[in-house]
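For reference, the structure is listed below as structure tokens.
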Amino acid sequence: MITSKDKVAAVEQFAEQVTEIEGRSLWQDARRRFFTNKAAVISLIILALIASLSIFGPLLSQWNYADIDWAALSDISTLGRPSIETGHYFGTDPLGRDIFVRTMQGGQISLMVGILGSFVAIVIGTLYGATSGYLGGRVDSVMMRILEILNSFPFMFFVIILMTVFGRNILLIFIAIGAVSWLDMARIVRGQTLSLKNKEYIEAAYACGVSSHKIILRHIVPNVLGVVIVYATLLVPNMILLESFISFLGLGVQEPMTSWGALISEGSPNMEIAVWQLAWPLAFLVVTLFCFNFLGDGLRDALDPKDR
Amino acid sequence: MLKFIIKRLLEAIPTLLALVTLSFFLMHFAPGSPFTSERGVPAAVLANLQAKYHMNESLMSQYFHYLWDLLHGNLGYSFRFTDFTINQLVAQSFPVSAEIGFWSFLVAVSVGVLCGVFAALRQNSLLDYGVMAFANIGMVLPNFVIAPLCILFFSIHYQWLPAGGWNGGAWPYLIMPVIAMSTSYIAQIARITRGSMIETMHSNFIRTARAKGLPKSHIIIRHALRPAMLPVVSYLGPAFVGIITGSVVVDQFFGTGGIGQHFVNGAINRDYSMVMGITILIGTLTILFNAIVDILYVFIDPKIRY
Amino acid sequence: MKFTKTLLASALLSTSLSAMQVHAADVPVGVKLADKQELVKGGEGEPATLDPQKIQGTPGSLRAKDLFEGLYSEGEGGKLVPGVATGYTVNDDNTVYTFNLRHDAKWSDGSPVTANDFVYGFQRLVAPKTASVYSWYAALAGINNAQNIIDGKAKVSDLGVKALDKYTFQVSLDHSVPYFVKMTVNSAMYPAPKQAIEKFGDNWTKAGNLVSNGAYKLDTWIVNEKMVFVRNHNYWNDKKTIINKVTVLPIKDSTVEFSRYQAGDLDVTSFSGIPTNRYKELLKTTPDEVKVTPQLAAYYYDFNNQQPPFDDVRVRKALSYAIDRSIITKYVTGVGEIPAYTFTPPSVDGFTAKQPEYAKWTQAERNAKAKELLKEAGYDKNNPLSFTLLYNTNDGHKKIAIAVASMWKKTLGVNATLENQEWKTFIDTRNLGNFGVARDGWVGDYNEASTFLDLFKSTNTSNNAHYKNAQYDQYMAQAAKANDPAPFYQKAEDLVIDQDMAVAPIYQYSIKRLVKTYVGGYKPNLEDNIYTRDMYIIAH
């Protein structure tokens, strides 16, 4: 990445520090390493800005995301242009609805799909992987076999079937997207768990008679969290893209709500006559995905330096 | 090796069976039926239609009927394109998607790997930044934006290429679909290649090779490239299937008549046999490509044995 | 002269030489034809079938019009043009039609088209074995025993059709149907090639197997890519056919179709080929290519008449009045659609519905009246009316739903929640009556008012508004028997819309097509019965 020099420097710096200072927690180190990565920090700031704009942005406009500007409707390609006077900072969509507010509202949905979808994937993946890795033996091999079988499922197709069969439920979109994305997570967590399993403190807990599910939840899961967070960050952009593909197929959220994907697929037929309808949501989508990618790289370097 | 292949084949059977079962019942529980139409269909006609598709039987009996036909390679009649069987439709559309998929894959792998390797070798140079910026943009631009942009540019403004159609896969008809399909994969592959190449170049055995004074090109081609390809290869299996799945966008914008559109429309039209047929096809392909990737692993990484 | 020479030089075209020497009558004098007579046209979606008796929907019938020919066809302005029939006689009470068939009509395999092929075709339509979803058409036309055969209560051979001799075909009806000849334009009433159907079974519509009697025969059919037709030299009027090859592209999305038209891939678009957002621009840049004409089809919203609050006529009227139809047709659909206040489109043949009272008011008056009615019905700010507006997933329907819901919100303070469903789910929901207000549309099957007004008969399966009124059924029954049904149609229309507002009419569809200036012979009509054999390519 652009910041690799920084990262290498950071890792070297870290290596020196390790010999000098003893007893600093993993998380403190990670934070230090993370904040030396400029691209990741800037990405985090931009993401925070986009998120807060999505939430509070609609308050800055006189329009509501469902309102039609009847005056602009008569000629969208001129009256619907972005303008400060009309209050349509980003212009209007083909029905005279405000693109600024809709982009913000769409941002809420897209970010929510991204984050909640990843969350679902993480929860399932972590629990599955940790259980499989900790219990080991036959249980492990059966669980891994199941994972391999699931890996052969064309999951994108399942999402489409689900959407057509059970209708447009935003909750369902999260769950469907999340439920198809946990496989890699489970595999990674299992690998981590296998190495953690033989650590003294786990053995100590086991010797004290702590039950398996308590060991998994209290000791294993917190310790694999670093890796999990890194992969979650990298999952979010995929989720957002997946949602936009579903929206393109016409299977996304119910009107008048919208998402970036829905706005982009509505805007792209008008790119020659009303480019703002495509440009704004696309710009927000692209910047957000960019930032998540940088953030993910930054977190990976910070939390998991060996993995490079 | 042979044992491994046999094992994978045997594993494929329960996987496919689970896939068939799940999609079969999911599909049939959907509201609406393939015969739902705007005008009420007369009861007698409906009964005859249902008989043609065995839909007058119980769901379980339909299920076993389907499995029996499947065993004989018969995917049944399409509910949507009533003049065709699914076998005929798949035979018509799959080669199209496979051809687009093949070229997109070839372009994605060759361009992606080249870009990734050069970016890694010139780490932090202008070339590196340029390649990676392109890769990042390619990754985040949805292909349903790239496709109409291509048409606007190549077909309407410059009239260099036909705006759609397939014509048996003549190359002018192939270019835009391949661009639209491969962009995001080029980007992903470039990213992965770059990362693993940098890591490999920092590893001890490359240092040793350098210390021995071997020429740089020799080091890269003979020593570094192979281990650096491992993460790329593991990405290829799902990627190939993703290319075929993603072809719905290409089918819609370029009217190529591939298999992606069949699936999506099949689900919407409750064309049970179409959805089932394509799900099975894609499932089989997924299993096949995962197996091929595992076999490729053996050739690339001598440490892995089955 | 030069033209003939190039043709002579071309070995490929030598067979069609005779056709070229005598120009079709309707190519205006002085028009120079292009050397390459090939047409590429938009075909909407991919048809489910090419079997004329099974076709339902425009993609299929559009293609069938080039491949097959029925007793009669439609020309410019919808006037009947003889097809395989050269003429007909009818008895006094419009129940027995006798068609004389031309002796030179042939199938593409060279065998003659006879009255038996029509008998076979008509029987096939109703035969339970065919399982045609369009079999109701024969019953609608009132052919003797059609309904009984469909229901399995009579034998196929009992159908009221007869070949009096090889070239005389007779149809007997169970009630008076004065517009029966108009109904023969539909593909369901085309002849069927028994020889091919019996030989190839389910595969008879495949390229290579299909035997047709129209101006073209099927050359290639690649699903979702294209269909190619070539000249059928056995067609009786082949001499006057000019275009040699027709390619139909099954593009559903009008934006995609438009871009392919722009790129020069298409000569003629489908009937919805002008995207709303491009219309104004096209009128300025290429006005000669824009062909917008009314279509025999109505766009409307169903109220669920059996369910509160829509069982209250005041609520139905309030909602209907508050729809500003001119804004919808001007800016939301925006390509020549006509605001509708009656259910039957005014352009239908033989009956022009009187504009009801509310059509004459200004929108402000309508809004005021709507508010008043809704208040009377017991809904106001403190007790707002809330319901779900159901529509099927489609960009156009979505826009209209958003606009209408927004109008209701603005004028009446009504909360309409939008819900879109996939087509099949949508149809199911609507049939079951699980909705408040639902989007609906109706395309006339033939150019006569009953195709629209029959919908509201309480027994009609397409009566999605679930409107039930004995008086209405009686008017329609009287109309069916009357020599002049128009007064009864008017009574029915007044009852269902002006008085009961069972549905809210919104607009009459338009046929919005782009046709390159070098394509001649495009003759639009209400039902969009367009035949490639009437067209020609001008040298360009």
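As shown in the structure tokens, the chain order sets the letters A, B, ...; within each chain, residues go from 1, and ligands are also counted from 1 in the order they appear.
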task: Taking the chain letters and numbering used in this document, name the residues of range 211-276 of chain C that DSSP puts in alpha helix (DSSP H), as a ChimeraX atom specification.
output: /C:254-262
Taking only C-alpha atoms into account, find every residue of chain C that has an atom no more than 6 Å from chain B, and write it out as a PDB file with N, CA and C atoms, in the first residue's frame.
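Result file follows (part-v8.pdb):
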```pdb
ATOM      1  N   ALA C  48     -42.340 -16.279 -24.145  1.00  0.00           N
ATOM      2  CA  ALA C  48     -42.335 -17.585 -23.500  1.00  0.00           C
ATOM      3  C   ALA C  48     -42.391 -18.678 -24.555  1.00  0.00           C
ATOM      4  N   THR C  49     -43.029 -18.370 -25.684  1.00  0.00           N
ATOM      5  CA  THR C  49     -43.205 -19.379 -26.716  1.00  0.00           C
ATOM      6  C   THR C  49     -43.501 -18.700 -28.047  1.00  0.00           C
ATOM      7  N   PRO C 128     -57.699 -29.248 -23.875  1.00  0.00           N
ATOM      8  CA  PRO C 128     -57.005 -29.336 -22.586  1.00  0.00           C
ATOM      9  C   PRO C 128     -55.579 -29.843 -22.755  1.00  0.00           C
ATOM     10  N   ALA C 131     -53.071 -27.198 -23.115  1.00  0.00           N
ATOM     11  CA  ALA C 131     -52.878 -26.436 -21.877  1.00  0.00           C
ATOM     12  C   ALA C 131     -52.466 -25.002 -22.173  1.00  0.00           C
ATOM     13  N   VAL C 133     -52.572 -21.143 -21.852  1.00  0.00           N
ATOM     14  CA  VAL C 133     -53.063 -20.178 -20.869  1.00  0.00           C
ATOM     15  C   VAL C 133     -53.903 -19.093 -21.552  1.00  0.00           C
ATOM     16  N   ASP C 151     -63.235 -26.569 -19.854  1.00  0.00           N
ATOM     17  CA  ASP C 151     -63.519 -27.152 -18.547  1.00  0.00           C
ATOM     18  C   ASP C 151     -63.539 -28.675 -18.562  1.00  0.00           C
ATOM     19  N   ASN C 224     -32.624 -14.753 -25.266  1.00  0.00           N
ATOM     20  CA  ASN C 224     -32.022 -13.569 -24.641  1.00  0.00           C
ATOM     21  C   ASN C 224     -30.981 -12.865 -25.499  1.00  0.00           C
ATOM     22  N   GLU C 225     -30.750 -13.352 -26.714  1.00  0.00           N
ATOM     23  CA  GLU C 225     -29.847 -12.593 -27.565  1.00  0.00           C
ATOM     24  C   GLU C 225     -30.576 -12.057 -28.789  1.00  0.00           C
ATOM     25  N   ARG C 260     -28.640   1.154 -27.429  1.00  0.00           N
ATOM     26  CA  ARG C 260     -28.316   0.374 -28.626  1.00  0.00           C
ATOM     27  C   ARG C 260     -28.890   1.032 -29.875  1.00  0.00           C
ATOM     28  N   ALA C 263     -26.460   3.716 -30.678  1.00  0.00           N
ATOM     29  CA  ALA C 263     -25.237   3.189 -31.265  1.00  0.00           C
ATOM     30  C   ALA C 263     -25.468   2.654 -32.674  1.00  0.00           C
ATOM     31  N   LYS C 424     -44.665 -12.199  -9.775  1.00  0.00           N
ATOM     32  CA  LYS C 424     -45.492 -13.347  -9.406  1.00  0.00           C
ATOM     33  C   LYS C 424     -46.086 -13.179  -8.007  1.00  0.00           C
ATOM     34  N   THR C 425     -45.277 -12.668  -7.102  1.00  0.00           N
ATOM     35  CA  THR C 425     -45.773 -12.444  -5.742  1.00  0.00           C
ATOM     36  C   THR C 425     -46.874 -11.403  -5.780  1.00  0.00           C
ATOM     37  N   ASP C 428     -50.149 -12.710  -7.072  1.00  0.00           N
ATOM     38  CA  ASP C 428     -50.746 -13.541  -6.038  1.00  0.00           C
ATOM     39  C   ASP C 428     -51.431 -12.683  -4.976  1.00  0.00           C
ATOM     40  N   THR C 461     -62.338 -12.938 -13.712  1.00  0.00           N
ATOM     41  CA  THR C 461     -61.189 -13.306 -12.866  1.00  0.00           C
ATOM     42  C   THR C 461     -60.157 -12.189 -12.800  1.00  0.00           C
ATOM     43  N   SER C 462     -60.234 -11.235 -13.722  1.00  0.00           N
ATOM     44  CA  SER C 462     -59.281 -10.131 -13.689  1.00  0.00           C
ATOM     45  C   SER C 462     -59.856  -8.898 -13.006  1.00  0.00           C
TER      46      SER C 462
END
```
field: Option closest in space to chain B, from A:Leu303, A:Met143, A:Leu282, A:Ile177 [counting only C-alpha atoms]
entry: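 With only C-alpha atoms as the atom set, the closest residue is A:Leu282.
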Hey, could you make a per-residue contact list for chain C against chain A with 9 Å as the cut-off, showing the nearest pair of atoms and its distance in Å to one decimal, counting only C-alpha atoms, sorted by chain and number, as a Markdown table?
```
| residue | atom | partner | partner_atom | distance |
| --- | --- | --- | --- | --- |
| C:Thr255 | CA | A:Pro269 | CA | 6.3 |
| C:Val256 | CA | A:Pro269 | CA | 8.5 |
| C:Asn277 | CA | A:Asn270 | CA | 7.4 |
| C:Arg278 | CA | A:Ile273 | CA | 8.3 |
| C:Ile327 | CA | A:Ser74 | CA | 8.4 |
| C:Lys330 | CA | A:Ser74 | CA | 7.8 |
| C:Tyr331 | CA | A:Ser74 | CA | 5.7 |
| C:Val332 | CA | A:Leu95 | CA | 7.0 |
| C:Thr393 | CA | A:Gly250 | CA | 7.0 |
| C:Asn394 | CA | A:Gly250 | CA | 8.0 |
| C:Asp395 | CA | A:Glu266 | CA | 8.6 |
| C:Lys398 | CA | A:Glu255 | CA | 8.0 |
| C:Lys399 | CA | A:Leu95 | CA | 6.9 |
| C:Ile402 | CA | A:Pro256 | CA | 7.3 |
| C:Ala403 | CA | A:Ile68 | CA | 7.5 |
| C:Ser406 | CA | A:Ile68 | CA | 7.0 |
| C:Thr417 | CA | A:Glu255 | CA | 8.7 |
| C:Leu418 | CA | A:Glu255 | CA | 6.3 |
| C:Glu419 | CA | A:Gln254 | CA | 6.5 |
| C:Asn420 | CA | A:Gln254 | CA | 7.0 |
| C:Gln421 | CA | A:Gly167 | CA | 6.7 |
| C:Glu422 | CA | A:Thr164 | CA | 6.7 |
| C:Thr425 | CA | A:Val165 | CA | 8.3 |
```
message: If we count only C-alpha atoms and set the cut-off at 12 Å, which residues sit around Arg145 in chain A, ignoring sequence neighbours fewer than 2 positions away in its own chain? Please answer as number ranges by chain.
response: A: 132, 138-143, 147-152, 183, 187; B: 8, 11-12, 14-15
Those same residues - N, CA and C atoms - I'd like them written as a CSV table (one decimal), in the first residue's frame.
```
chain,number,residue,atom,x,y,z
A,132,SER,N,-15.0,-24.9,17.1
A,132,SER,CA,-14.4,-26.0,16.4
A,132,SER,C,-12.9,-26.1,16.8
A,138,ARG,N,-12.9,-35.0,16.8
A,138,ARG,CA,-14.0,-35.4,15.9
A,138,ARG,C,-14.9,-34.2,15.6
A,139,VAL,N,-15.2,-33.5,16.6
A,139,VAL,CA,-16.1,-32.3,16.5
A,139,VAL,C,-15.5,-31.4,15.5
A,140,ASP,N,-14.2,-31.1,15.7
A,140,ASP,CA,-13.5,-30.2,14.8
A,140,ASP,C,-13.5,-30.7,13.3
A,141,SER,N,-13.3,-32.0,13.1
A,141,SER,CA,-13.2,-32.4,11.7
A,141,SER,C,-14.6,-32.4,11.1
A,142,VAL,N,-15.6,-32.7,11.9
A,142,VAL,CA,-17.0,-32.6,11.3
A,142,VAL,C,-17.3,-31.2,11.0
A,143,MET,N,-17.0,-30.3,11.9
A,143,MET,CA,-17.3,-28.9,11.7
A,143,MET,C,-16.6,-28.3,10.5
A,147,LEU,N,-18.0,-26.9,6.9
A,147,LEU,CA,-17.5,-25.6,6.3
A,147,LEU,C,-17.1,-25.8,4.9
A,148,GLU,N,-16.4,-26.9,4.6
A,148,GLU,CA,-16.0,-27.2,3.2
A,148,GLU,C,-17.2,-27.3,2.3
A,149,ILE,N,-18.2,-28.0,2.8
A,149,ILE,CA,-19.4,-28.2,2.0
A,149,ILE,C,-20.1,-26.9,1.8
A,150,LEU,N,-20.2,-26.1,2.8
A,150,LEU,CA,-20.9,-24.8,2.6
A,150,LEU,C,-20.1,-23.9,1.7
A,151,ASN,N,-18.8,-24.1,1.7
A,151,ASN,CA,-17.9,-23.3,0.8
A,151,ASN,C,-18.3,-23.6,-0.7
A,152,SER,N,-18.9,-24.7,-1.0
A,152,SER,CA,-19.2,-25.0,-2.4
A,152,SER,C,-20.6,-24.5,-2.7
A,183,LEU,N,-17.8,-17.7,6.4
A,183,LEU,CA,-17.0,-18.9,6.3
A,183,LEU,C,-15.5,-18.6,6.5
A,187,ARG,N,-12.8,-19.9,9.6
A,187,ARG,CA,-11.5,-20.6,9.3
A,187,ARG,C,-10.4,-19.9,10.0
B,8,ARG,N,-12.4,-36.0,-3.0
B,8,ARG,CA,-13.1,-34.8,-3.3
B,8,ARG,C,-14.4,-35.1,-4.1
B,11,GLU,N,-17.0,-36.4,-1.8
B,11,GLU,CA,-17.5,-35.3,-0.9
B,11,GLU,C,-18.5,-34.5,-1.7
B,12,ALA,N,-18.3,-34.4,-3.0
B,12,ALA,CA,-19.2,-33.5,-3.8
B,12,ALA,C,-20.6,-34.0,-3.8
B,14,PRO,N,-22.7,-35.5,-1.3
B,14,PRO,CA,-23.6,-34.9,-0.3
B,14,PRO,C,-23.7,-33.4,-0.4
B,15,THR,N,-22.7,-32.8,-0.8
B,15,THR,CA,-22.8,-31.3,-0.9
B,15,THR,C,-23.9,-30.9,-2.0
```
query: Got a sec to pull out which chain B residues are within 7 Å of chain A, counting only C-alpha atoms, and send them as a list in words?
result: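 On the chain B side, the interface is Thr15, Leu19, Ala30, Pro31, Asn124, Tyr129, Asn136, Val140, Leu141, Val145, Glu199, Ala267, Ile268, Ile282, Gly283, Thr286 and Ile287 of chain B.
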Write to file, as a PDB file, in the first residue's frame, the residues of the selection just made, with N, CA and C atoms.
```
ATOM      1  N   THR B  15     -22.699 -32.756  -0.796  1.00  0.00           N
ATOM      2  CA  THR B  15     -22.792 -31.297  -0.941  1.00  0.00           C
ATOM      3  C   THR B  15     -23.866 -30.946  -1.956  1.00  0.00           C
ATOM      4  N   LEU B  19     -27.468 -29.091  -1.510  1.00  0.00           N
ATOM      5  CA  LEU B  19     -27.759 -27.907  -2.318  1.00  0.00           C
ATOM      6  C   LEU B  19     -29.102 -28.057  -3.037  1.00  0.00           C
ATOM      7  N   ALA B  30     -41.819 -20.308  -1.930  1.00  0.00           N
ATOM      8  CA  ALA B  30     -41.979 -18.913  -2.330  1.00  0.00           C
ATOM      9  C   ALA B  30     -43.438 -18.632  -2.667  1.00  0.00           C
ATOM     10  N   PRO B  31     -43.912 -17.434  -2.316  1.00  0.00           N
ATOM     11  CA  PRO B  31     -45.281 -17.089  -2.715  1.00  0.00           C
ATOM     12  C   PRO B  31     -45.363 -16.996  -4.233  1.00  0.00           C
ATOM     13  N   ASN B 124       6.624   1.650  -3.473  1.00  0.00           N
ATOM     14  CA  ASN B 124       6.605   3.062  -3.111  1.00  0.00           C
ATOM     15  C   ASN B 124       7.100   3.991  -4.218  1.00  0.00           C
ATOM     16  N   TYR B 129       2.291   3.505  -6.828  1.00  0.00           N
ATOM     17  CA  TYR B 129       1.118   4.297  -6.435  1.00  0.00           C
ATOM     18  C   TYR B 129       0.065   4.281  -7.536  1.00  0.00           C
ATOM     19  N   ASN B 136      -7.422   0.126  -6.589  1.00  0.00           N
ATOM     20  CA  ASN B 136      -8.437   0.468  -5.599  1.00  0.00           C
ATOM     21  C   ASN B 136      -9.714   0.978  -6.247  1.00  0.00           C
ATOM     22  N   VAL B 140     -13.685  -0.709  -6.240  1.00  0.00           N
ATOM     23  CA  VAL B 140     -14.863  -0.111  -5.615  1.00  0.00           C
ATOM     24  C   VAL B 140     -15.906   0.358  -6.628  1.00  0.00           C
ATOM     25  N   LEU B 141     -15.589   0.357  -7.931  1.00  0.00           N
ATOM     26  CA  LEU B 141     -16.597   0.763  -8.920  1.00  0.00           C
ATOM     27  C   LEU B 141     -17.485  -0.429  -9.258  1.00  0.00           C
ATOM     28  N   VAL B 145     -21.923   0.189 -13.213  1.00  0.00           N
ATOM     29  CA  VAL B 145     -21.583   1.552 -13.629  1.00  0.00           C
ATOM     30  C   VAL B 145     -20.576   1.482 -14.774  1.00  0.00           C
ATOM     31  N   GLU B 199       6.104  -9.573   0.609  1.00  0.00           N
ATOM     32  CA  GLU B 199       6.444 -10.440   1.723  1.00  0.00           C
ATOM     33  C   GLU B 199       7.509 -11.459   1.316  1.00  0.00           C
ATOM     34  N   ALA B 267     -35.480 -16.804 -10.899  1.00  0.00           N
ATOM     35  CA  ALA B 267     -35.933 -16.651  -9.515  1.00  0.00           C
ATOM     36  C   ALA B 267     -37.163 -15.747  -9.471  1.00  0.00           C
ATOM     37  N   ILE B 268     -37.142 -14.693 -10.248  1.00  0.00           N
ATOM     38  CA  ILE B 268     -38.256 -13.746 -10.225  1.00  0.00           C
ATOM     39  C   ILE B 268     -39.514 -14.350 -10.852  1.00  0.00           C
ATOM     40  N   ILE B 282     -23.844 -24.167 -11.007  1.00  0.00           N
ATOM     41  CA  ILE B 282     -22.877 -23.310 -10.333  1.00  0.00           C
ATOM     42  C   ILE B 282     -22.271 -24.032  -9.129  1.00  0.00           C
ATOM     43  N   GLY B 283     -23.105 -24.802  -8.430  1.00  0.00           N
ATOM     44  CA  GLY B 283     -22.585 -25.570  -7.302  1.00  0.00           C
ATOM     45  C   GLY B 283     -21.503 -26.539  -7.747  1.00  0.00           C
ATOM     46  N   THR B 286     -18.400 -24.680  -8.548  1.00  0.00           N
ATOM     47  CA  THR B 286     -17.699 -24.228  -7.349  1.00  0.00           C
ATOM     48  C   THR B 286     -16.866 -25.359  -6.770  1.00  0.00           C
ATOM     49  N   ILE B 287     -17.475 -26.521  -6.673  1.00  0.00           N
ATOM     50  CA  ILE B 287     -16.760 -27.666  -6.128  1.00  0.00           C
ATOM     51  C   ILE B 287     -15.552 -27.993  -7.000  1.00  0.00           C
TER      52      ILE B 287
END
```
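Between CA of Ser347 in chain C and CA of Val185 in chain C the separation is 18.3 Å.
Residues in contact with Tyr97 in chain C at 7 Å, where only C-alpha atoms are counted and same-chain residues fewer than 6 positions away are skipped, are listed as Tyr88, Thr89, Val90, Asn91, Gln170, Val171 and Ser172 of chain C.
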Within 8 Å of Gly277 in chain B using only C-alpha atoms, minus same-chain residues under 4 positions, as a list in words: Leu75, Ile86, Ser273 and Leu281 of chain B
query: Between A:Ile109, A:Val123, A:Trp63, A:Asn37, which one has atoms that come closest to Gly91 in chain A, using only C-alpha atoms?
result: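 Going through A:Ile109, A:Val123, A:Trp63, A:Asn37 one by one, the smallest distance to Gly91 in chain A is for A:Trp63.
CA of Gly106 in chain A lies 17.3 Å from CA of Gln62 in chain A.
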message: Let's see if you can do this: from backbone DSSP, list all strand (DSSP E or B) residues in range 368-534 of chain C, as a count of residues only.
response: 36
message: Residues near Gly334 in chain C, anyone? I mean within 8 Å using only C-alpha atoms, not counting same-chain ones fewer than 6 positions away, as a VMD selection string.
response: chain C and resid 276 279 328
Skip range 197-206 of chain A itself and residues of its chain fewer than 3 positions away, then list as a tab-separated table (two decimals) with N, CA and C atoms, in the first residue's frame all residues within 12 Å of it, counting only C-alpha atoms.
```tsv
chain	number	residue	atom	x	y	z
A	130	ALA	N	-14.14	-20.70	16.91
A	130	ALA	CA	-13.58	-20.91	18.24
A	130	ALA	C	-14.02	-22.25	18.80
A	131	THR	N	-15.29	-22.56	18.61
A	131	THR	CA	-15.79	-23.84	19.12
A	131	THR	C	-15.06	-24.99	18.45
A	132	SER	N	-14.99	-24.91	17.14
A	132	SER	CA	-14.36	-25.98	16.38
A	132	SER	C	-12.91	-26.15	16.81
A	133	GLY	N	-12.20	-25.03	16.88
A	133	GLY	CA	-10.78	-25.10	17.21
A	133	GLY	C	-10.56	-25.57	18.64
A	134	TYR	N	-11.37	-25.11	19.57
A	134	TYR	CA	-11.15	-25.45	20.97
A	134	TYR	C	-11.50	-26.91	21.25
A	135	LEU	N	-12.63	-27.34	20.75
A	135	LEU	CA	-13.06	-28.70	21.06
A	135	LEU	C	-12.19	-29.73	20.36
A	136	GLY	N	-11.74	-29.41	19.16
A	136	GLY	CA	-10.83	-30.29	18.44
A	136	GLY	C	-11.41	-31.67	18.15
A	189	VAL	N	-10.50	-17.80	12.58
A	189	VAL	CA	-10.61	-17.88	14.04
A	189	VAL	C	-10.19	-19.27	14.53
A	190	ARG	N	-10.56	-20.29	13.79
A	190	ARG	CA	-10.16	-21.64	14.19
A	190	ARG	C	-8.65	-21.77	14.27
A	191	GLY	N	-7.98	-21.23	13.23
A	191	GLY	CA	-6.52	-21.28	13.21
A	191	GLY	C	-5.94	-20.62	14.44
A	192	GLN	N	-6.45	-19.45	14.77
A	192	GLN	CA	-5.97	-18.70	15.94
A	192	GLN	C	-6.23	-19.50	17.22
A	193	THR	N	-7.41	-20.08	17.28
A	193	THR	CA	-7.79	-20.80	18.50
A	193	THR	C	-6.86	-21.98	18.74
A	194	LEU	N	-6.51	-22.66	17.66
A	194	LEU	CA	-5.64	-23.82	17.79
A	194	LEU	C	-4.34	-23.43	18.48
A	209	GLY	N	-11.63	-26.50	36.13
A	209	GLY	CA	-12.98	-27.03	35.89
A	209	GLY	C	-13.94	-26.05	35.25
A	210	VAL	N	-13.40	-25.01	34.59
A	210	VAL	CA	-14.28	-24.07	33.89
A	210	VAL	C	-14.87	-24.79	32.68
A	211	SER	N	-16.15	-24.57	32.45
A	211	SER	CA	-16.80	-25.30	31.37
A	211	SER	C	-16.32	-24.82	30.01
A	212	SER	N	-16.50	-25.68	29.01
A	212	SER	CA	-15.98	-25.38	27.67
A	212	SER	C	-16.56	-24.10	27.12
A	213	HIS	N	-17.88	-23.94	27.26
A	213	HIS	CA	-18.44	-22.77	26.60
A	213	HIS	C	-17.99	-21.49	27.30
A	214	LYS	N	-17.70	-21.59	28.61
A	214	LYS	CA	-17.18	-20.42	29.30
A	214	LYS	C	-15.76	-20.11	28.86
A	215	ILE	N	-14.97	-21.16	28.68
A	215	ILE	CA	-13.59	-20.92	28.22
A	215	ILE	C	-13.62	-20.26	26.86
A	216	ILE	N	-14.50	-20.77	25.99
A	216	ILE	CA	-14.56	-20.20	24.64
A	216	ILE	C	-14.95	-18.73	24.71
A	217	LEU	N	-16.00	-18.45	25.46
A	217	LEU	CA	-16.52	-17.07	25.47
A	217	LEU	C	-15.62	-16.12	26.26
A	218	ARG	N	-15.05	-16.60	27.40
A	218	ARG	CA	-14.29	-15.70	28.28
A	218	ARG	C	-12.84	-15.58	27.87
A	219	HIS	N	-12.27	-16.66	27.37
A	219	HIS	CA	-10.82	-16.62	27.14
A	219	HIS	C	-10.42	-16.64	25.68
A	220	ILE	N	-11.08	-17.49	24.93
A	220	ILE	CA	-10.66	-17.61	23.52
A	220	ILE	C	-11.12	-16.40	22.72
A	221	VAL	N	-12.43	-16.13	22.78
A	221	VAL	CA	-12.98	-15.07	21.93
A	221	VAL	C	-12.27	-13.72	22.15
A	223	ASN	N	-9.37	-13.11	22.94
A	223	ASN	CA	-8.00	-13.13	22.44
A	223	ASN	C	-7.89	-13.21	20.92
A	224	VAL	N	-8.96	-13.61	20.27
A	224	VAL	CA	-8.89	-13.61	18.80
A	224	VAL	C	-9.51	-12.33	18.23
```
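Distance-wise, CA of Leu218 in chain C and CA of Val84 in chain C end up 19.4 Å apart.
Among A:Leu263, A:Ile55, A:Ala39, A:Val227, the residue with the shortest atom-to-atom distance to Asp98 in chain A, counting only C-alpha atoms, is A:Leu263.
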- request: Rank B:Gly266, B:Pro142, B:Pro95, B:Pro215 by their smallest atom-to-atom distance to Ile278 in chain B, using only C-alpha atoms, and report the top residue only.
  value: B:Gly266
- prompt: Of the candidates A:Gly137, A:Ser195, A:Val230, A:Ala51, which one gets nearest to Gln108 in chain A if we count only C-alpha atoms?
  reply: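 Of A:Gly137, A:Ser195, A:Val230, A:Ala51, the one nearest Gln108 in chain A, counting only C-alpha atoms, is A:Ala51.
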